[in-house]
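Structure file entry_14.tsv; described as TSV, N, CA and C atoms.
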```tsv
chain	number	residue	atom	x	y	z
A	1	MET	N	1.98	59.20	42.52
A	1	MET	CA	1.78	57.88	43.07
A	1	MET	C	2.06	56.85	41.97
A	2	SER	N	2.94	55.88	42.21
A	2	SER	CA	3.27	54.91	41.18
A	2	SER	C	2.50	53.62	41.40
A	3	LYS	N	2.08	53.05	40.29
A	3	LYS	CA	1.38	51.77	40.35
A	3	LYS	C	2.40	50.65	40.20
A	4	LYS	N	2.22	49.61	40.97
A	4	LYS	CA	3.09	48.46	40.85
A	4	LYS	C	2.60	47.62	39.66
A	5	THR	N	3.50	47.36	38.75
A	5	THR	CA	3.14	46.56	37.58
A	5	THR	C	3.22	45.08	37.96
A	6	ILE	N	2.16	44.37	37.65
A	6	ILE	CA	2.10	42.94	37.94
A	6	ILE	C	2.49	42.19	36.67
A	7	SER	N	3.43	41.28	36.80
A	7	SER	CA	3.89	40.51	35.64
A	7	SER	C	2.78	39.58	35.15
A	8	THR	N	2.90	39.17	33.92
A	8	THR	CA	1.94	38.23	33.34
A	8	THR	C	1.91	36.93	34.14
A	9	GLU	N	3.08	36.47	34.56
A	9	GLU	CA	3.15	35.24	35.34
A	9	GLU	C	2.38	35.39	36.66
A	10	GLU	N	2.52	36.53	37.33
A	10	GLU	CA	1.80	36.77	38.58
A	10	GLU	C	0.30	36.88	38.34
A	11	LYS	N	-0.10	37.49	37.23
A	11	LYS	CA	-1.53	37.57	36.88
A	11	LYS	C	-2.10	36.17	36.70
A	12	ILE	N	-1.33	35.31	36.03
A	12	ILE	CA	-1.78	33.93	35.80
A	12	ILE	C	-1.91	33.20	37.13
A	13	LYS	N	-0.91	33.33	38.01
A	13	LYS	CA	-0.97	32.67	39.32
A	13	LYS	C	-2.18	33.15	40.12
A	14	ALA	N	-2.39	34.46	40.17
A	14	ALA	CA	-3.52	35.01	40.92
A	14	ALA	C	-4.85	34.51	40.35
A	15	ALA	N	-4.95	34.49	39.04
A	15	ALA	CA	-6.17	34.00	38.40
A	15	ALA	C	-6.37	32.52	38.67
A	16	ALA	N	-5.29	31.75	38.62
A	16	ALA	CA	-5.38	30.31	38.87
A	16	ALA	C	-5.82	30.04	40.31
A	17	ILE	N	-5.28	30.79	41.26
A	17	ILE	CA	-5.69	30.63	42.66
A	17	ILE	C	-7.18	30.91	42.79
A	18	GLU	N	-7.62	31.98	42.18
A	18	GLU	CA	-9.05	32.34	42.25
A	18	GLU	C	-9.93	31.27	41.62
A	19	VAL	N	-9.59	30.84	40.42
A	19	VAL	CA	-10.46	29.90	39.69
A	19	VAL	C	-10.40	28.50	40.29
A	20	PHE	N	-9.20	28.00	40.55
A	20	PHE	CA	-9.08	26.66	41.13
A	20	PHE	C	-9.77	26.56	42.48
A	21	THR	N	-9.59	27.56	43.35
A	21	THR	CA	-10.20	27.45	44.67
A	21	THR	C	-11.72	27.58	44.62
A	22	GLN	N	-12.24	28.27	43.60
A	22	GLN	CA	-13.69	28.40	43.48
A	22	GLN	C	-14.32	27.22	42.75
A	23	LYS	N	-13.65	26.72	41.72
A	23	LYS	CA	-14.26	25.68	40.88
A	23	LYS	C	-13.66	24.29	41.07
A	24	GLY	N	-12.46	24.20	41.62
A	24	GLY	CA	-11.78	22.92	41.73
A	24	GLY	C	-11.01	22.59	40.47
A	25	TYR	N	-10.16	21.59	40.57
A	25	TYR	CA	-9.29	21.22	39.45
A	25	TYR	C	-10.07	20.77	38.23
A	26	GLU	N	-10.97	19.82	38.43
A	26	GLU	CA	-11.69	19.22	37.30
A	26	GLU	C	-12.53	20.23	36.51
A	27	ALA	N	-13.19	21.12	37.21
A	27	ALA	CA	-14.10	22.07	36.54
A	27	ALA	C	-13.38	23.27	35.95
A	28	THR	N	-12.12	23.44	36.28
A	28	THR	CA	-11.36	24.59	35.78
A	28	THR	C	-10.73	24.27	34.43
A	29	THR	N	-10.84	25.21	33.52
A	29	THR	CA	-10.15	25.09	32.24
A	29	THR	C	-9.07	26.16	32.16
A	30	THR	N	-8.10	25.92	31.30
A	30	THR	CA	-7.07	26.94	31.13
A	30	THR	C	-7.67	28.21	30.54
A	31	ARG	N	-8.73	28.08	29.78
A	31	ARG	CA	-9.43	29.26	29.24
A	31	ARG	C	-10.03	30.09	30.38
A	32	ASP	N	-10.58	29.42	31.40
A	32	ASP	CA	-11.10	30.14	32.57
A	32	ASP	C	-10.00	31.01	33.19
A	33	ILE	N	-8.83	30.42	33.32
A	33	ILE	CA	-7.71	31.12	33.96
A	33	ILE	C	-7.25	32.29	33.11
A	34	THR	N	-7.12	32.08	31.81
A	34	THR	CA	-6.68	33.19	30.95
A	34	THR	C	-7.71	34.31	30.93
A	35	ASP	N	-8.99	33.95	30.97
A	35	ASP	CA	-10.04	34.98	31.00
A	35	ASP	C	-9.94	35.83	32.27
A	36	VAL	N	-9.79	35.18	33.42
A	36	VAL	CA	-9.70	35.92	34.68
A	36	VAL	C	-8.41	36.74	34.73
A	37	ALA	N	-7.35	36.21	34.15
A	37	ALA	CA	-6.07	36.92	34.14
A	37	ALA	C	-6.06	38.08	33.14
A	38	GLY	N	-7.07	38.11	32.26
A	38	GLY	CA	-7.14	39.18	31.27
A	38	GLY	C	-6.20	38.98	30.10
A	39	LEU	N	-5.87	37.71	29.82
A	39	LEU	CA	-4.98	37.40	28.70
A	39	LEU	C	-5.81	37.15	27.45
A	40	LYS	N	-5.22	37.47	26.32
A	40	LYS	CA	-5.94	37.34	25.06
A	40	LYS	C	-5.89	35.93	24.48
A	41	ASN	N	-4.85	35.15	24.84
A	41	ASN	CA	-4.77	33.80	24.28
A	41	ASN	C	-4.13	32.82	25.26
A	42	LEU	N	-4.34	31.56	24.97
A	42	LEU	CA	-3.81	30.49	25.82
A	42	LEU	C	-2.30	30.37	25.74
A	43	ALA	N	-1.73	30.81	24.65
A	43	ALA	CA	-0.28	30.70	24.48
A	43	ALA	C	0.46	31.43	25.60
A	44	SER	N	-0.10	32.53	26.06
A	44	SER	CA	0.53	33.27	27.16
A	44	SER	C	0.62	32.41	28.41
A	45	LEU	N	-0.44	31.70	28.72
A	45	LEU	CA	-0.45	30.83	29.88
A	45	LEU	C	0.59	29.72	29.71
A	46	HIS	N	0.61	29.10	28.55
A	46	HIS	CA	1.51	27.97	28.31
A	46	HIS	C	2.97	28.40	28.20
A	47	TYR	N	3.21	29.67	27.97
A	47	TYR	CA	4.58	30.17	27.96
A	47	TYR	C	5.17	30.08	29.37
A	48	TYR	N	4.35	30.35	30.39
A	48	TYR	CA	4.82	30.34	31.78
A	48	TYR	C	4.61	29.00	32.46
A	49	PHE	N	3.55	28.32	32.11
A	49	PHE	CA	3.20	27.05	32.74
A	49	PHE	C	2.90	26.03	31.66
A	50	LYS	N	3.59	24.88	31.71
A	50	LYS	CA	3.48	23.88	30.65
A	50	LYS	C	2.10	23.22	30.58
A	51	SER	N	1.45	23.12	31.75
A	51	SER	CA	0.18	22.40	31.77
A	51	SER	C	-0.71	22.92	32.90
A	52	LYS	N	-1.95	22.53	32.82
A	52	LYS	CA	-2.91	22.84	33.88
A	52	LYS	C	-2.45	22.18	35.18
A	53	ASP	N	-1.91	20.99	35.08
A	53	ASP	CA	-1.45	20.25	36.24
A	53	ASP	C	-0.29	20.98	36.93
A	54	GLN	N	0.64	21.51	36.16
A	54	GLN	CA	1.76	22.25	36.74
A	54	GLN	C	1.25	23.52	37.44
A	55	LEU	N	0.31	24.19	36.83
A	55	LEU	CA	-0.27	25.39	37.43
A	55	LEU	C	-1.03	25.05	38.71
A	56	PHE	N	-1.71	23.93	38.71
A	56	PHE	CA	-2.42	23.48	39.91
A	56	PHE	C	-1.44	23.24	41.06
A	57	ASP	N	-0.30	22.63	40.75
A	57	ASP	CA	0.72	22.40	41.77
A	57	ASP	C	1.21	23.71	42.37
A	58	VAL	N	1.38	24.72	41.52
A	58	VAL	CA	1.80	26.04	41.99
A	58	VAL	C	0.74	26.62	42.93
A	59	VAL	N	-0.52	26.45	42.59
A	59	VAL	CA	-1.62	26.95	43.42
A	59	VAL	C	-1.63	26.23	44.77
A	60	ILE	N	-1.47	24.92	44.75
A	60	ILE	CA	-1.46	24.14	45.99
A	60	ILE	C	-0.30	24.59	46.87
A	61	GLU	N	0.87	24.71	46.29
A	61	GLU	CA	2.04	25.13	47.07
A	61	GLU	C	1.83	26.52	47.65
A	62	HIS	N	1.26	27.43	46.88
A	62	HIS	CA	1.03	28.79	47.34
A	62	HIS	C	0.00	28.83	48.48
A	63	THR	N	-1.15	28.23	48.26
A	63	THR	CA	-2.22	28.31	49.26
A	63	THR	C	-1.85	27.55	50.53
A	64	MET	N	-1.32	26.36	50.38
A	64	MET	CA	-0.93	25.58	51.56
A	64	MET	C	0.30	26.18	52.22
A	65	GLY	N	1.19	26.76	51.42
A	65	GLY	CA	2.37	27.41	51.98
A	65	GLY	C	2.00	28.57	52.88
A	66	ASN	N	1.04	29.37	52.44
A	66	ASN	CA	0.58	30.50	53.26
A	66	ASN	C	-0.04	30.01	54.56
A	67	PHE	N	-0.84	28.97	54.48
A	67	PHE	CA	-1.48	28.43	55.68
A	67	PHE	C	-0.44	27.80	56.61
A	68	SER	N	0.50	27.05	56.05
A	68	SER	CA	1.54	26.42	56.85
A	68	SER	C	2.41	27.46	57.54
A	69	GLN	N	2.70	28.55	56.85
A	69	GLN	CA	3.49	29.62	57.44
A	69	GLN	C	2.76	30.24	58.63
A	70	LEU	N	1.47	30.46	58.48
A	70	LEU	CA	0.66	30.98	59.59
A	70	LEU	C	0.73	30.03	60.79
A	71	MET	N	0.52	28.75	60.53
A	71	MET	CA	0.55	27.77	61.61
A	71	MET	C	1.92	27.74	62.28
A	72	ASP	N	2.95	27.73	61.47
A	72	ASP	CA	4.31	27.63	61.99
A	72	ASP	C	4.69	28.83	62.85
A	73	GLN	N	4.36	30.02	62.39
A	73	GLN	CA	4.71	31.24	63.12
A	73	GLN	C	4.12	31.28	64.52
A	74	ILE	N	2.94	30.77	64.66
A	74	ILE	CA	2.27	30.83	65.96
A	74	ILE	C	2.43	29.53	66.74
A	75	LEU	N	2.08	28.42	66.13
A	75	LEU	CA	2.01	27.16	66.87
A	75	LEU	C	3.37	26.53	67.15
A	76	ASN	N	4.39	26.89	66.37
A	76	ASN	CA	5.73	26.36	66.63
A	76	ASN	C	6.61	27.36	67.37
A	77	ASN	N	6.03	28.43	67.83
A	77	ASN	CA	6.81	29.44	68.55
A	77	ASN	C	7.14	28.90	69.95
A	78	PRO	N	8.41	28.62	70.21
A	78	PRO	CA	8.78	28.02	71.50
A	78	PRO	C	8.65	28.97	72.69
A	79	THR	N	8.51	30.25	72.43
A	79	THR	CA	8.40	31.20	73.54
A	79	THR	C	6.98	31.38	74.05
A	80	LEU	N	6.01	30.83	73.32
A	80	LEU	CA	4.61	30.97	73.72
A	80	LEU	C	4.13	29.71	74.45
A	81	GLU	N	3.36	29.92	75.48
A	81	GLU	CA	2.73	28.80	76.16
A	81	GLU	C	1.52	28.36	75.35
A	82	LEU	N	1.03	27.16	75.62
A	82	LEU	CA	-0.07	26.58	74.84
A	82	LEU	C	-1.28	27.50	74.77
A	83	HIS	N	-1.72	28.03	75.90
A	83	HIS	CA	-2.91	28.89	75.89
A	83	HIS	C	-2.66	30.16	75.08
A	84	GLN	N	-1.42	30.67	75.07
A	84	GLN	CA	-1.10	31.85	74.26
A	84	GLN	C	-1.17	31.52	72.76
A	85	LYS	N	-0.71	30.34	72.41
A	85	LYS	CA	-0.76	29.91	71.01
A	85	LYS	C	-2.20	29.83	70.53
A	86	ILE	N	-3.05	29.27	71.36
A	86	ILE	CA	-4.46	29.14	70.98
A	86	ILE	C	-5.09	30.52	70.83
A	87	ARG	N	-4.81	31.41	71.77
A	87	ARG	CA	-5.37	32.77	71.71
A	87	ARG	C	-4.89	33.54	70.48
A	88	LYS	N	-3.66	33.30	70.06
A	88	LYS	CA	-3.14	33.99	68.87
A	88	LYS	C	-3.61	33.31	67.58
A	89	PHE	N	-3.65	31.98	67.61
A	89	PHE	CA	-3.95	31.25	66.38
A	89	PHE	C	-5.40	31.41	65.94
A	90	VAL	N	-6.33	31.33	66.85
A	90	VAL	CA	-7.75	31.37	66.48
A	90	VAL	C	-8.10	32.63	65.69
A	91	PRO	N	-7.79	33.84	66.17
A	91	PRO	CA	-8.13	35.01	65.35
A	91	PRO	C	-7.33	35.08	64.04
A	92	ALA	N	-6.07	34.62	64.08
A	92	ALA	CA	-5.27	34.62	62.85
A	92	ALA	C	-5.88	33.65	61.82
A	93	TYR	N	-6.34	32.50	62.31
A	93	TYR	CA	-6.98	31.52	61.43
A	93	TYR	C	-8.27	32.09	60.84
A	94	ILE	N	-9.07	32.72	61.67
A	94	ILE	CA	-10.32	33.31	61.19
A	94	ILE	C	-10.04	34.38	60.14
A	95	ASP	N	-9.05	35.23	60.39
A	95	ASP	CA	-8.68	36.25	59.40
A	95	ASP	C	-8.21	35.61	58.10
A	96	PHE	N	-7.42	34.53	58.21
A	96	PHE	CA	-6.93	33.84	57.03
A	96	PHE	C	-8.08	33.26	56.21
A	97	ILE	N	-9.03	32.63	56.89
A	97	ILE	CA	-10.17	32.03	56.19
A	97	ILE	C	-11.08	33.11	55.60
A	98	MET	N	-11.22	34.22	56.29
A	98	MET	CA	-12.03	35.33	55.74
A	98	MET	C	-11.39	35.86	54.46
A	99	ALA	N	-10.06	35.89	54.43
A	99	ALA	CA	-9.35	36.37	53.24
A	99	ALA	C	-9.31	35.31	52.14
A	100	ASN	N	-9.51	34.05	52.50
A	100	ASN	CA	-9.46	32.92	51.56
A	100	ASN	C	-10.68	32.02	51.78
A	101	PRO	N	-11.89	32.54	51.54
A	101	PRO	CA	-13.09	31.80	51.93
A	101	PRO	C	-13.30	30.46	51.23
A	102	PHE	N	-12.74	30.29	50.05
A	102	PHE	CA	-12.95	29.04	49.32
A	102	PHE	C	-11.89	27.99	49.67
A	103	LEU	N	-10.86	28.36	50.39
A	103	LEU	CA	-9.75	27.46	50.64
A	103	LEU	C	-10.12	26.19	51.41
A	104	PRO	N	-10.85	26.26	52.52
A	104	PRO	CA	-11.15	25.00	53.23
A	104	PRO	C	-11.91	23.99	52.37
A	105	MET	N	-12.91	24.45	51.63
A	105	MET	CA	-13.67	23.53	50.79
A	105	MET	C	-12.81	23.01	49.64
A	106	PHE	N	-11.96	23.88	49.12
A	106	PHE	CA	-11.04	23.48	48.05
A	106	PHE	C	-10.13	22.35	48.53
A	107	ILE	N	-9.53	22.51	49.71
A	107	ILE	CA	-8.63	21.50	50.24
A	107	ILE	C	-9.36	20.18	50.48
A	108	LEU	N	-10.53	20.25	51.08
A	108	LEU	CA	-11.31	19.04	51.33
A	108	LEU	C	-11.72	18.36	50.03
A	109	SER	N	-12.21	19.13	49.10
A	109	SER	CA	-12.68	18.59	47.82
A	109	SER	C	-11.54	17.96	47.03
A	110	GLU	N	-10.45	18.69	46.89
A	110	GLU	CA	-9.33	18.17	46.11
A	110	GLU	C	-8.65	17.00	46.82
A	111	GLY	N	-8.61	17.05	48.14
A	111	GLY	CA	-8.05	15.93	48.90
A	111	GLY	C	-8.85	14.66	48.71
A	112	GLU	N	-10.15	14.79	48.60
A	112	GLU	CA	-11.02	13.63	48.38
A	112	GLU	C	-10.87	13.10	46.96
A	113	LYS	N	-10.79	13.99	45.98
A	113	LYS	CA	-10.71	13.59	44.58
A	113	LYS	C	-9.34	13.05	44.21
A	114	ASN	N	-8.30	13.61	44.80
A	114	ASN	CA	-6.94	13.22	44.44
A	114	ASN	C	-6.07	13.15	45.69
A	115	PRO	N	-6.27	12.13	46.51
A	115	PRO	CA	-5.55	12.06	47.79
A	115	PRO	C	-4.03	11.99	47.63
A	116	GLN	N	-3.54	11.36	46.54
A	116	GLN	CA	-2.10	11.26	46.36
A	116	GLN	C	-1.46	12.65	46.17
A	117	LYS	N	-2.14	13.50	45.43
A	117	LYS	CA	-1.62	14.84	45.16
A	117	LYS	C	-1.60	15.68	46.43
A	118	MET	N	-2.59	15.51	47.29
A	118	MET	CA	-2.68	16.31	48.50
A	118	MET	C	-1.94	15.69	49.69
A	119	ASP	N	-1.65	14.40	49.61
A	119	ASP	CA	-1.07	13.69	50.74
A	119	ASP	C	0.22	14.32	51.24
A	120	TYR	N	1.10	14.70	50.32
A	120	TYR	CA	2.38	15.23	50.73
A	120	TYR	C	2.22	16.55	51.50
A	121	LEU	N	1.13	17.23	51.32
A	121	LEU	CA	0.90	18.49	52.03
A	121	LEU	C	0.31	18.28	53.42
A	122	MET	N	-0.47	17.24	53.55
A	122	MET	CA	-1.21	17.03	54.80
A	122	MET	C	-0.56	16.02	55.74
A	123	ASN	N	0.47	15.33	55.31
A	123	ASN	CA	0.98	14.20	56.09
A	123	ASN	C	2.36	14.48	56.68
A	124	ASP	N	2.65	15.70	57.05
A	124	ASP	CA	3.92	16.05	57.66
A	124	ASP	C	3.79	15.97	59.18
A	125	LYS	N	4.21	14.84	59.74
A	125	LYS	CA	4.04	14.60	61.17
A	125	LYS	C	4.92	15.52	62.02
A	126	GLN	N	5.96	16.08	61.47
A	126	GLN	CA	6.85	16.96	62.21
A	126	GLN	C	6.51	18.43	62.00
A	127	MET	N	5.37	18.72	61.43
A	127	MET	CA	5.01	20.09	61.10
A	127	MET	C	4.87	20.97	62.33
A	128	LEU	N	4.38	20.43	63.40
A	128	LEU	CA	4.14	21.24	64.61
A	128	LEU	C	4.79	20.59	65.83
A	129	PRO	N	6.12	20.44	65.83
A	129	PRO	CA	6.75	19.74	66.95
A	129	PRO	C	6.60	20.47	68.28
A	130	SER	N	6.71	21.77	68.29
A	130	SER	CA	6.59	22.53	69.54
A	130	SER	C	5.20	22.36	70.14
A	131	LEU	N	4.17	22.46	69.30
A	131	LEU	CA	2.80	22.30	69.76
A	131	LEU	C	2.57	20.88	70.28
A	132	SER	N	3.06	19.90	69.56
A	132	SER	CA	2.89	18.51	69.97
A	132	SER	C	3.50	18.25	71.34
A	133	HIS	N	4.70	18.78	71.58
A	133	HIS	CA	5.33	18.59	72.89
A	133	HIS	C	4.54	19.26	74.00
A	134	GLN	N	4.01	20.43	73.73
A	134	GLN	CA	3.22	21.14	74.75
A	134	GLN	C	1.93	20.40	75.06
A	135	ILE	N	1.29	19.87	74.05
A	135	ILE	CA	0.05	19.13	74.26
A	135	ILE	C	0.32	17.88	75.08
A	136	GLN	N	1.39	17.16	74.75
A	136	GLN	CA	1.75	15.95	75.49
A	136	GLN	C	2.09	16.26	76.94
A	137	ALA	N	2.75	17.40	77.17
A	137	ALA	CA	3.12	17.79	78.54
A	137	ALA	C	1.87	18.16	79.32
```
Would you put the structure from the file into structure tokens?
Amino acid sequence: MSKKTISTEEKIKAAAIEVFTQKGYEATTTRDITDVAGLKNLASLHYYFKSKDQLFDVVIEHTMGNFSQLMDQILNNPTLELHQKIRKFVPAYIDFIMANPFLPMFILSEGEKNPQKMDYLMNDKQMLPSLSHQIQA
């Protein structure tokens, strides 16, 4: 049985997702991330990511990207009727939140503290066009 080797960059991303979503941007230090990633020094983190801010952007894109993909796959599916979308989305959403329990609070907290940074993620009016048309109909 072969083990999949995780790159240092992936370890840093995974650690950053864990720490940022649990502690938030302000309370997280790069040392926290390197500790969770199992790195011996900060230079390793800075080799892959220039700053805490850049790493935070990667975390936001990853976490929101996963959620947006879930929403898009179900809610923008033109072959499903509205009631089918709701029936599929609710359990998928619950599973997603169970797998990412800190994400809702993280999004709310960071959105309140830094609305400009989060605005571009939350303000896409065309994100769910199929769902919007069905609701209007």
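Of the residues under consideration (A:Pro78, A:Ala16, A:Asp35, A:Arg87), A:Ala16 shows the shortest atom-to-atom contact distance to Asp53 (chain A) when counting only C-alpha atoms.
For the atom pair formed by CA of Lys85 (chain A) and CA of Val59 (chain A), the distance is 27.8 Å, given to one decimal.
Nearest residue to Leu45 (chain A) among A:Leu108, A:Ala92, A:Ile74, A:Ile12 is A:Ile12, counting only N, CA and C atoms.
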| task | Please provide the set of residues having any atom within 8 Å of region 88-91 of chain A, restricted to all atoms listed in the file, with same-chain residues fewer than 6 positions apart removed, written as a PyMOL selection string. | result | chain A and resi 70-71+74-75+82+97
Hey, could you make a per-residue contact list for region 43-132 of chain A against region 19-26 of chain A with 7 Å as the cut-off, showing the nearest pair of atoms and its distance in Å to one decimal, counting all atoms listed in the file, sorted by chain and number, as a Markdown table?
```
| residue | atom | partner | partner_atom | distance |
| --- | --- | --- | --- | --- |
| A:Phe102 | C | A:Thr21 | C | 5.1 |
| A:Leu103 | N | A:Thr21 | CA | 5.8 |
| A:Met105 | C | A:Thr21 | C | 6.9 |
| A:Phe106 | CA | A:Thr21 | CA | 5.3 |
| A:Glu110 | CA | A:Tyr25 | N | 6.6 |
```
| task | Once DSSP has gone over the backbone, tell me which residues of chain A are in alpha helix (DSSP H), as a ChimeraX atom specification. | result | /A:8-27,30-37,42-48,52-75,82-99,103-113,115-122,129-136
